[in-house]
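Here's final.tsv, which has TSV, C-alpha atoms:
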```tsv
chain	number	residue	atom	x	y	z
A	1	MET	CA	-121.53	131.67	33.38
A	2	THR	CA	-119.37	132.89	30.52
A	3	THR	CA	-116.15	130.95	29.99
A	4	PRO	CA	-113.11	131.89	27.86
A	5	THR	CA	-114.02	129.05	25.53
A	6	SER	CA	-117.50	130.45	24.86
A	7	VAL	CA	-116.05	133.93	24.33
A	8	ARG	CA	-113.62	132.63	21.74
A	9	LYS	CA	-116.45	130.70	20.05
A	10	ARG	CA	-118.62	133.81	19.82
A	11	ALA	CA	-115.70	135.81	18.41
A	12	ALA	CA	-115.10	133.12	15.81
A	13	ASP	CA	-118.78	133.03	14.84
A	14	ALA	CA	-119.02	136.84	14.57
A	15	PRO	CA	-118.97	138.24	11.02
A	16	ALA	CA	-115.66	139.67	9.87
A	17	PRO	CA	-115.49	143.48	9.73
A	18	ALA	CA	-116.03	144.98	6.33
A	19	PRO	CA	-112.83	146.19	4.59
A	20	ALA	CA	-112.18	149.90	4.60
A	21	PRO	CA	-113.70	151.53	1.50
A	22	THR	CA	-111.25	152.60	-1.18
A	23	PRO	CA	-111.59	155.96	-2.90
A	24	VAL	CA	-114.11	155.59	-5.68
A	25	GLY	CA	-112.50	155.78	-9.10
A	26	ARG	CA	-108.96	156.37	-7.77
A	27	ARG	CA	-107.37	153.06	-8.81
A	28	PRO	CA	-109.21	152.68	-12.14
A	29	GLU	CA	-108.32	156.26	-13.03
A	30	ARG	CA	-104.67	155.73	-12.15
A	31	GLY	CA	-104.57	152.48	-14.10
A	32	ALA	CA	-106.17	154.13	-17.14
A	33	ARG	CA	-103.59	156.92	-16.98
A	34	TRP	CA	-100.70	154.47	-16.98
A	35	ARG	CA	-102.28	152.54	-19.84
A	36	ARG	CA	-102.48	155.75	-21.89
A	37	VAL	CA	-98.85	156.53	-21.14
A	38	GLY	CA	-97.78	153.03	-22.09
A	39	LEU	CA	-99.79	153.11	-25.32
A	40	ARG	CA	-98.23	156.43	-26.30
A	41	LEU	CA	-94.72	155.14	-25.58
A	42	VAL	CA	-95.38	152.06	-27.71
A	43	ALA	CA	-96.71	154.23	-30.55
A	44	LEU	CA	-93.65	156.50	-30.30
A	45	ALA	CA	-91.27	153.55	-30.35
A	46	THR	CA	-93.10	152.10	-33.35
A	47	LEU	CA	-92.82	155.35	-35.30
A	48	LEU	CA	-89.13	155.63	-34.42
A	49	ALA	CA	-88.48	152.06	-35.56
A	50	LEU	CA	-90.38	152.70	-38.81
A	51	TRP	CA	-88.37	155.87	-39.41
A	52	GLN	CA	-85.10	154.00	-38.82
A	53	SER	CA	-86.17	151.16	-41.12
A	54	VAL	CA	-87.05	153.54	-43.95
A	55	THR	CA	-83.70	155.32	-43.75
A	56	ALA	CA	-81.79	152.05	-43.44
A	57	LEU	CA	-83.31	150.79	-46.70
A	58	GLN	CA	-81.94	153.92	-48.44
A	59	LEU	CA	-85.07	154.37	-50.52
A	60	TRP	CA	-84.51	158.12	-50.52
A	61	SER	CA	-81.48	160.33	-50.27
A	62	PRO	CA	-80.40	161.32	-46.73
A	63	VAL	CA	-80.91	164.92	-47.84
A	64	LEU	CA	-84.62	164.17	-48.31
A	65	VAL	CA	-85.14	161.84	-45.33
A	66	PRO	CA	-82.44	162.18	-42.65
A	67	SER	CA	-81.92	159.28	-40.27
A	68	PRO	CA	-82.63	159.49	-36.53
A	69	ALA	CA	-78.88	159.35	-35.94
A	70	ALA	CA	-78.34	162.38	-38.20
A	71	VAL	CA	-81.01	164.35	-36.33
A	72	TRP	CA	-79.41	163.34	-33.03
A	73	ASN	CA	-76.01	164.54	-34.25
A	74	ALA	CA	-77.62	167.82	-35.31
A	75	LEU	CA	-79.02	168.15	-31.79
A	76	LEU	CA	-75.57	167.66	-30.29
A	77	GLU	CA	-73.96	170.13	-32.70
A	78	THR	CA	-76.56	172.85	-32.17
A	79	SER	CA	-76.57	172.43	-28.38
A	80	GLY	CA	-72.92	173.22	-27.72
A	81	THR	CA	-69.65	174.40	-29.24
A	82	HIS	CA	-67.92	172.21	-31.84
A	83	ASP	CA	-64.75	173.11	-33.76
A	84	GLY	CA	-64.99	176.66	-32.48
A	85	VAL	CA	-68.58	177.10	-33.74
A	86	ARG	CA	-71.22	177.73	-31.10
A	87	GLY	CA	-74.59	176.16	-31.82
A	88	TYR	CA	-76.18	177.32	-35.08
A	89	GLN	CA	-75.26	180.77	-36.34
A	90	GLY	CA	-73.76	181.65	-32.95
A	91	HIS	CA	-76.75	180.56	-30.81
A	92	THR	CA	-77.59	177.19	-29.29
A	93	LEU	CA	-80.83	175.37	-30.04
A	94	ILE	CA	-82.32	176.26	-26.65
A	95	GLU	CA	-81.50	179.93	-27.25
A	96	HIS	CA	-83.20	179.89	-30.66
A	97	LEU	CA	-86.23	178.23	-29.09
A	98	GLY	CA	-86.30	180.63	-26.14
A	99	ILE	CA	-86.30	183.70	-28.39
A	100	SER	CA	-89.18	182.28	-30.43
A	101	LEU	CA	-91.12	181.46	-27.26
A	102	ARG	CA	-90.62	185.01	-26.02
A	103	ARG	CA	-92.05	186.33	-29.30
A	104	ILE	CA	-94.98	183.94	-29.05
A	105	PHE	CA	-95.85	184.84	-25.46
A	106	ILE	CA	-95.62	188.58	-26.12
A	107	GLY	CA	-97.43	188.55	-29.46
A	108	ALA	CA	-100.02	185.87	-28.68
A	109	GLY	CA	-100.51	187.31	-25.20
A	110	ALA	CA	-101.39	190.69	-26.68
A	111	GLY	CA	-103.73	188.97	-29.15
A	112	VAL	CA	-105.45	187.05	-26.33
A	113	VAL	CA	-106.05	190.24	-24.34
A	114	ALA	CA	-107.43	192.01	-27.42
A	115	GLY	CA	-109.60	188.99	-28.24
A	116	LEU	CA	-111.04	188.95	-24.72
A	117	VAL	CA	-111.99	192.63	-24.90
A	118	VAL	CA	-113.49	192.31	-28.39
A	119	GLY	CA	-115.30	189.09	-27.48
A	120	VAL	CA	-116.88	190.53	-24.33
A	121	LEU	CA	-118.06	193.60	-26.24
A	122	MET	CA	-119.44	191.45	-29.06
A	123	GLY	CA	-121.21	189.15	-26.62
A	124	THR	CA	-122.80	191.86	-24.49
A	125	LEU	CA	-123.55	194.63	-27.00
A	126	PRO	CA	-125.48	193.49	-30.11
A	127	TRP	CA	-124.53	196.55	-32.17
A	128	VAL	CA	-120.83	195.92	-31.51
A	129	ARG	CA	-121.27	192.34	-32.70
A	130	VAL	CA	-122.92	193.57	-35.91
A	131	VAL	CA	-120.02	195.97	-36.55
A	132	LEU	CA	-117.03	193.81	-35.55
A	133	GLU	CA	-118.08	190.26	-36.45
A	134	PRO	CA	-117.31	190.60	-40.20
A	135	ALA	CA	-113.85	192.03	-39.44
A	136	VAL	CA	-113.03	189.24	-36.98
A	137	ALA	CA	-114.24	186.59	-39.44
A	138	PHE	CA	-112.16	188.24	-42.18
A	139	LEU	CA	-108.98	188.11	-40.08
A	140	ARG	CA	-109.73	184.51	-39.16
A	141	THR	CA	-109.68	183.41	-42.78
A	142	LEU	CA	-106.41	185.14	-43.69
A	143	PRO	CA	-103.23	183.05	-43.64
A	144	PRO	CA	-100.38	184.78	-41.78
A	145	LEU	CA	-98.15	185.13	-44.84
A	146	ALA	CA	-100.95	187.01	-46.63
A	147	TYR	CA	-100.52	190.11	-44.47
A	148	PHE	CA	-96.95	189.65	-43.23
A	149	SER	CA	-95.52	191.51	-46.22
A	150	LEU	CA	-97.77	194.46	-45.43
A	151	LEU	CA	-96.64	194.41	-41.80
A	152	ILE	CA	-93.01	194.53	-42.95
A	153	ILE	CA	-93.78	197.62	-45.07
A	154	TRP	CA	-95.44	199.27	-42.09
A	155	PHE	CA	-93.05	198.30	-39.27
A	156	GLY	CA	-89.75	197.30	-40.90
A	157	ILE	CA	-87.87	194.01	-40.46
A	158	ASP	CA	-87.19	194.08	-36.72
A	159	GLU	CA	-89.34	192.60	-33.96
A	160	ALA	CA	-92.49	194.67	-34.50
A	161	PRO	CA	-93.89	192.87	-37.59
A	162	LYS	CA	-93.31	189.46	-35.99
A	163	LEU	CA	-95.16	190.43	-32.81
A	164	TRP	CA	-97.98	192.03	-34.78
A	165	LEU	CA	-98.37	188.92	-36.94
A	166	LEU	CA	-98.61	186.64	-33.91
A	167	ALA	CA	-101.05	188.99	-32.19
A	168	ILE	CA	-103.30	189.22	-35.25
A	169	ALA	CA	-103.22	185.43	-35.66
A	170	ALA	CA	-104.12	184.84	-31.99
A	171	MET	CA	-106.90	187.41	-31.61
A	172	PRO	CA	-109.80	185.96	-33.73
A	173	PRO	CA	-110.17	182.54	-32.04
A	174	VAL	CA	-110.30	184.13	-28.59
A	175	ALA	CA	-112.76	186.79	-29.75
A	176	VAL	CA	-115.07	184.24	-31.37
A	177	ALA	CA	-114.97	181.84	-28.40
A	178	THR	CA	-115.51	184.64	-25.88
A	179	ALA	CA	-118.38	186.23	-27.82
A	180	SER	CA	-120.16	182.90	-28.23
A	181	ALA	CA	-119.72	181.94	-24.57
A	182	VAL	CA	-120.76	185.34	-23.26
A	183	ALA	CA	-123.85	185.48	-25.47
A	184	SER	CA	-124.95	182.02	-24.28
A	185	ALA	CA	-124.60	182.77	-20.55
A	186	PRO	CA	-127.48	181.28	-18.47
A	187	THR	CA	-130.40	183.69	-18.72
A	188	ALA	CA	-131.78	182.69	-15.34
A	189	LEU	CA	-128.56	183.63	-13.55
A	190	VAL	CA	-128.32	186.94	-15.41
A	191	GLU	CA	-131.91	187.85	-14.57
A	192	ALA	CA	-131.44	186.83	-10.94
A	193	ALA	CA	-128.37	189.07	-10.65
A	194	ARG	CA	-130.30	191.97	-12.15
A	195	ALA	CA	-133.23	191.32	-9.84
A	196	ILE	CA	-131.06	191.84	-6.76
A	197	GLY	CA	-129.79	195.14	-8.12
A	198	ALA	CA	-126.54	194.19	-9.88
A	199	LYS	CA	-125.34	196.65	-12.51
A	200	ARG	CA	-124.28	195.70	-16.04
A	201	GLY	CA	-120.59	195.58	-15.14
A	202	GLN	CA	-121.26	193.47	-12.06
A	203	VAL	CA	-123.39	191.05	-14.05
A	204	VAL	CA	-120.60	190.63	-16.61
A	205	THR	CA	-117.80	190.14	-14.09
A	206	SER	CA	-119.72	188.06	-11.52
A	207	VAL	CA	-122.05	185.96	-13.67
A	208	VAL	CA	-121.28	186.07	-17.38
A	209	LEU	CA	-117.48	185.71	-17.37
A	210	PRO	CA	-117.34	182.85	-14.81
A	211	SER	CA	-119.97	181.00	-16.84
A	212	ALA	CA	-118.06	181.61	-20.08
A	213	LEU	CA	-114.61	180.84	-18.65
A	214	PRO	CA	-114.33	177.21	-19.90
A	215	GLU	CA	-115.05	178.21	-23.51
A	216	ILE	CA	-112.75	181.22	-23.23
A	217	LEU	CA	-109.90	178.99	-22.07
A	218	VAL	CA	-110.47	176.71	-25.07
A	219	GLY	CA	-110.16	179.77	-27.30
A	220	VAL	CA	-106.91	180.72	-25.55
A	221	ARG	CA	-105.48	177.27	-26.23
A	222	LEU	CA	-106.46	177.55	-29.88
A	223	ALA	CA	-104.90	181.01	-30.06
A	224	PHE	CA	-101.53	179.86	-28.75
A	225	GLY	CA	-101.62	176.87	-31.09
A	226	ILE	CA	-102.26	179.11	-34.10
A	227	ALA	CA	-99.57	181.56	-32.97
A	228	TYR	CA	-97.07	178.73	-32.57
A	229	SER	CA	-97.85	177.40	-36.04
A	230	SER	CA	-97.30	180.95	-37.38
A	231	VAL	CA	-93.88	181.45	-35.80
A	232	VAL	CA	-92.04	180.06	-38.84
A	233	ALA	CA	-93.90	182.54	-41.06
A	234	ALA	CA	-93.13	185.33	-38.59
A	235	GLU	CA	-89.41	184.50	-38.68
A	236	THR	CA	-88.98	184.14	-42.43
A	237	VAL	CA	-87.54	187.69	-42.50
A	238	ASN	CA	-84.67	188.48	-40.14
A	239	GLY	CA	-85.68	185.54	-37.97
A	240	LEU	CA	-82.26	184.60	-36.62
A	241	PRO	CA	-81.94	183.99	-33.77
A	242	GLY	CA	-85.21	182.07	-33.56
A	243	ILE	CA	-86.37	178.52	-34.16
A	244	GLY	CA	-88.31	179.50	-37.28
A	245	GLY	CA	-85.31	181.39	-38.60
A	246	LEU	CA	-83.14	178.34	-37.89
A	247	ILE	CA	-85.46	176.13	-39.94
A	248	ARG	CA	-85.60	178.67	-42.76
A	249	ASP	CA	-81.82	179.12	-42.86
A	250	ALA	CA	-81.11	175.38	-42.71
A	251	GLN	CA	-83.55	174.80	-45.56
A	252	ARG	CA	-81.53	177.11	-47.81
A	253	TYR	CA	-78.46	174.88	-47.39
A	254	ASN	CA	-80.36	171.54	-47.64
A	255	GLN	CA	-79.59	170.71	-44.00
A	256	SER	CA	-82.63	168.52	-43.61
A	257	ASP	CA	-81.42	167.03	-40.33
A	258	THR	CA	-81.39	170.50	-38.76
A	259	VAL	CA	-84.79	171.26	-40.30
A	260	VAL	CA	-86.27	168.10	-38.77
A	261	LEU	CA	-84.63	168.95	-35.45
A	262	GLY	CA	-86.24	172.39	-35.51
A	263	LEU	CA	-89.64	170.82	-36.27
A	264	PHE	CA	-89.23	168.48	-33.30
A	265	ALA	CA	-88.27	171.42	-31.07
A	266	ILE	CA	-91.41	173.31	-32.11
A	267	GLY	CA	-93.66	170.28	-31.74
A	268	ILE	CA	-92.38	169.14	-28.33
A	269	SER	CA	-92.38	172.64	-26.83
A	270	GLY	CA	-95.84	173.20	-28.31
A	271	LEU	CA	-97.11	170.05	-26.56
A	272	LEU	CA	-95.63	171.26	-23.27
A	273	ILE	CA	-97.28	174.68	-23.66
A	274	ASP	CA	-100.64	173.06	-24.43
A	275	ALA	CA	-100.26	170.77	-21.41
A	276	GLY	CA	-99.53	173.80	-19.24
A	277	LEU	CA	-102.63	175.55	-20.57
A	278	ARG	CA	-104.69	172.44	-19.80
A	279	VAL	CA	-103.45	172.45	-16.20
A	280	LEU	CA	-104.25	176.15	-15.95
A	281	SER	CA	-107.72	175.47	-17.36
A	282	ASP	CA	-108.29	172.73	-14.77
A	283	ARG	CA	-107.27	175.10	-11.98
A	284	LEU	CA	-109.30	178.11	-13.17
A	285	ALA	CA	-112.40	176.21	-14.31
A	286	PRO	CA	-112.54	172.83	-12.51
A	287	TRP	CA	-116.28	172.61	-13.14
A	288	ARG	CA	-115.98	172.65	-16.94
A	289	SER	CA	-116.38	168.86	-17.29
A	290	HIS	CA	-119.67	169.03	-15.43
A	291	THR	CA	-121.27	171.83	-17.48
```
Structure rendered as structure tokens:
Amino acid sequence: MTTPTSVRKRAADAPAPAPAPTPVGRRPERGARWRRVGLRLVALATLLALWQSVTALQLWSPVLVPSPAAVWNALLETSGTHDGVRGYQGHTLIEHLGISLRRIFIGAGAGVVAGLVVGVLMGTLPWVRVVLEPAVAFLRTLPPLAYFSLLIIWFGIDEAPKLWLLAIAAMPPVAVATASAVASAPTALVEAARAIGAKRGQVVTSVVLPSALPEILVGVRLAFGIAYSSVVAAETVNGLPGIGGLIRDAQRYNQSDTVVLGLFAIGISGLLIDAGLRVLSDRLAPWRSHT
């Protein structure tokens, strides 16, 4: 006969249930992410403290090395209206940055589209690669200022030469990355698609481009980075309003605090753009880390 005492004894002797499994890699990954964030914050604070220490020792003139406080004051002055003066040359810092970003997205966007077309043609048609590869390599080696003067002669000093410069600077890295990725598409998949009756266009759109997408997205990131680094060159002529024009104009009057502020604006916004492109790459090609 089973008694309550024996039931309790059996329950006590029974092995404890195993704990519910935790998602594999979730906590370590989250902890590693926070460690990276903390390390970057410490590095940033260290650089800021070093910058403040150097300026406090007055080893160089404030015109050569402005203090963090001077750059902060420049940020406040260029972000609002002070003594009847709005921002810098009539536009706030965010307006200068926004106009430059618009130029970058239009010019670099056009260069990315052109690079995709040229890269696909170079990767799929050998004779096109033979014809266009030297021209693409030639454009890749040219610094933006080398052909900007010619663009000004052709298109004047308005927006057209700036957009053309950014487009020409952004096109080669996308074309090279696309051509290389398309040419190295898995042969087995291409032959299998042809075996079931797929045409050339269907093979390219359904097999080649999805396989090449991770490398193409890397080329797009490089293109926007090169275009962003070329914006100051693009805005050396009639660049106001624009962040590159702001830096160029402030340099003429030895306003180093405003120059440093403009550099920070370009660098921080560039990091945000690159982070956005990384997120887009993860969404469009989530398998890239496994290939």
Neighbour list for region 99-111 of chain A as number ranges by chain, cut-off 8 Å, all atoms listed in the file, skip fewer than 4 positions in-chain: A: 95, 115, 162-171, 223-224, 227-228, 231, 241-244
Point-to-point distance from CA of Gly87 (chain A) to CA of Phe264 (chain A), Å rounded to tenths: 16.6 Å
Show me, as a PDB file with C-alpha atoms, keeping the file's coordinate frame, the residues that have an atom within 12 Å of region 179-184 of chain A when counting all atoms listed in the file, minus same-chain residues fewer than 6 positions from it.
```
ATOM      1  CA  GLY A 115    -109.600 188.990 -28.240  1.00  0.00           C
ATOM      2  CA  LEU A 116    -111.040 188.950 -24.720  1.00  0.00           C
ATOM      3  CA  VAL A 117    -111.990 192.630 -24.900  1.00  0.00           C
ATOM      4  CA  VAL A 118    -113.490 192.310 -28.390  1.00  0.00           C
ATOM      5  CA  GLY A 119    -115.300 189.090 -27.480  1.00  0.00           C
ATOM      6  CA  VAL A 120    -116.880 190.530 -24.330  1.00  0.00           C
ATOM      7  CA  LEU A 121    -118.060 193.600 -26.240  1.00  0.00           C
ATOM      8  CA  MET A 122    -119.440 191.450 -29.060  1.00  0.00           C
ATOM      9  CA  GLY A 123    -121.210 189.150 -26.620  1.00  0.00           C
ATOM     10  CA  THR A 124    -122.800 191.860 -24.490  1.00  0.00           C
ATOM     11  CA  LEU A 125    -123.550 194.630 -27.000  1.00  0.00           C
ATOM     12  CA  PRO A 126    -125.480 193.490 -30.110  1.00  0.00           C
ATOM     13  CA  VAL A 128    -120.830 195.920 -31.510  1.00  0.00           C
ATOM     14  CA  ARG A 129    -121.270 192.340 -32.700  1.00  0.00           C
ATOM     15  CA  VAL A 130    -122.920 193.570 -35.910  1.00  0.00           C
ATOM     16  CA  LEU A 132    -117.030 193.810 -35.550  1.00  0.00           C
ATOM     17  CA  GLU A 133    -118.080 190.260 -36.450  1.00  0.00           C
ATOM     18  CA  VAL A 136    -113.030 189.240 -36.980  1.00  0.00           C
ATOM     19  CA  PRO A 172    -109.800 185.960 -33.730  1.00  0.00           C
ATOM     20  CA  PRO A 173    -110.170 182.540 -32.040  1.00  0.00           C
ATOM     21  CA  VAL A 190    -128.320 186.940 -15.410  1.00  0.00           C
ATOM     22  CA  VAL A 203    -123.390 191.050 -14.050  1.00  0.00           C
ATOM     23  CA  VAL A 204    -120.600 190.630 -16.610  1.00  0.00           C
ATOM     24  CA  THR A 205    -117.800 190.140 -14.090  1.00  0.00           C
ATOM     25  CA  VAL A 207    -122.050 185.960 -13.670  1.00  0.00           C
ATOM     26  CA  VAL A 208    -121.280 186.070 -17.380  1.00  0.00           C
ATOM     27  CA  LEU A 209    -117.480 185.710 -17.370  1.00  0.00           C
ATOM     28  CA  PRO A 210    -117.340 182.850 -14.810  1.00  0.00           C
ATOM     29  CA  SER A 211    -119.970 181.000 -16.840  1.00  0.00           C
ATOM     30  CA  ALA A 212    -118.060 181.610 -20.080  1.00  0.00           C
ATOM     31  CA  LEU A 213    -114.610 180.840 -18.650  1.00  0.00           C
ATOM     32  CA  PRO A 214    -114.330 177.210 -19.900  1.00  0.00           C
ATOM     33  CA  GLU A 215    -115.050 178.210 -23.510  1.00  0.00           C
ATOM     34  CA  ILE A 216    -112.750 181.220 -23.230  1.00  0.00           C
ATOM     35  CA  LEU A 217    -109.900 178.990 -22.070  1.00  0.00           C
ATOM     36  CA  VAL A 218    -110.470 176.710 -25.070  1.00  0.00           C
ATOM     37  CA  GLY A 219    -110.160 179.770 -27.300  1.00  0.00           C
TER      38      GLY A 219
END
```
Distance of CA of Val220 (chain A) from CA of Asp158 (chain A), expressed in Å to one decimal place: 26.3 Å
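The gap separating CA of Trp34 (chain A) from CA of Ser281 (chain A) is 22.1 Å, in Å to one decimal.
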Shell around Leu261 (chain A) at 8 Å using all atoms listed in the file, local window under 2 positions removed, as a list in words: Val71, Ala74, Leu75, Asp257, Thr258, Val259, Leu263, Phe264 and Ala265 of chain A
Please provide the set of residues having any atom within 10 Å of Gln255 (chain A), restricted to all atoms listed in the file, with same-chain residues fewer than 5 positions apart removed, written as a short mmCIF file (atom, residue, chain, number, x, y, z; two decimals) with C-alpha atoms, keeping the file's coordinate frame.
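Final file, selection.cif:
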```cif
data_model
loop_
_atom_site.label_atom_id
_atom_site.label_comp_id
_atom_site.auth_asym_id
_atom_site.auth_seq_id
_atom_site.Cartn_x
_atom_site.Cartn_y
_atom_site.Cartn_z
CA PRO A 62 -80.40 161.32 -46.73
CA VAL A 63 -80.91 164.92 -47.84
CA LEU A 64 -84.62 164.17 -48.31
CA PRO A 66 -82.44 162.18 -42.65
CA ALA A 74 -77.62 167.82 -35.31
CA ILE A 247 -85.46 176.13 -39.94
CA ASP A 249 -81.82 179.12 -42.86
CA ALA A 250 -81.11 175.38 -42.71
CA VAL A 260 -86.27 168.10 -38.77
#
```
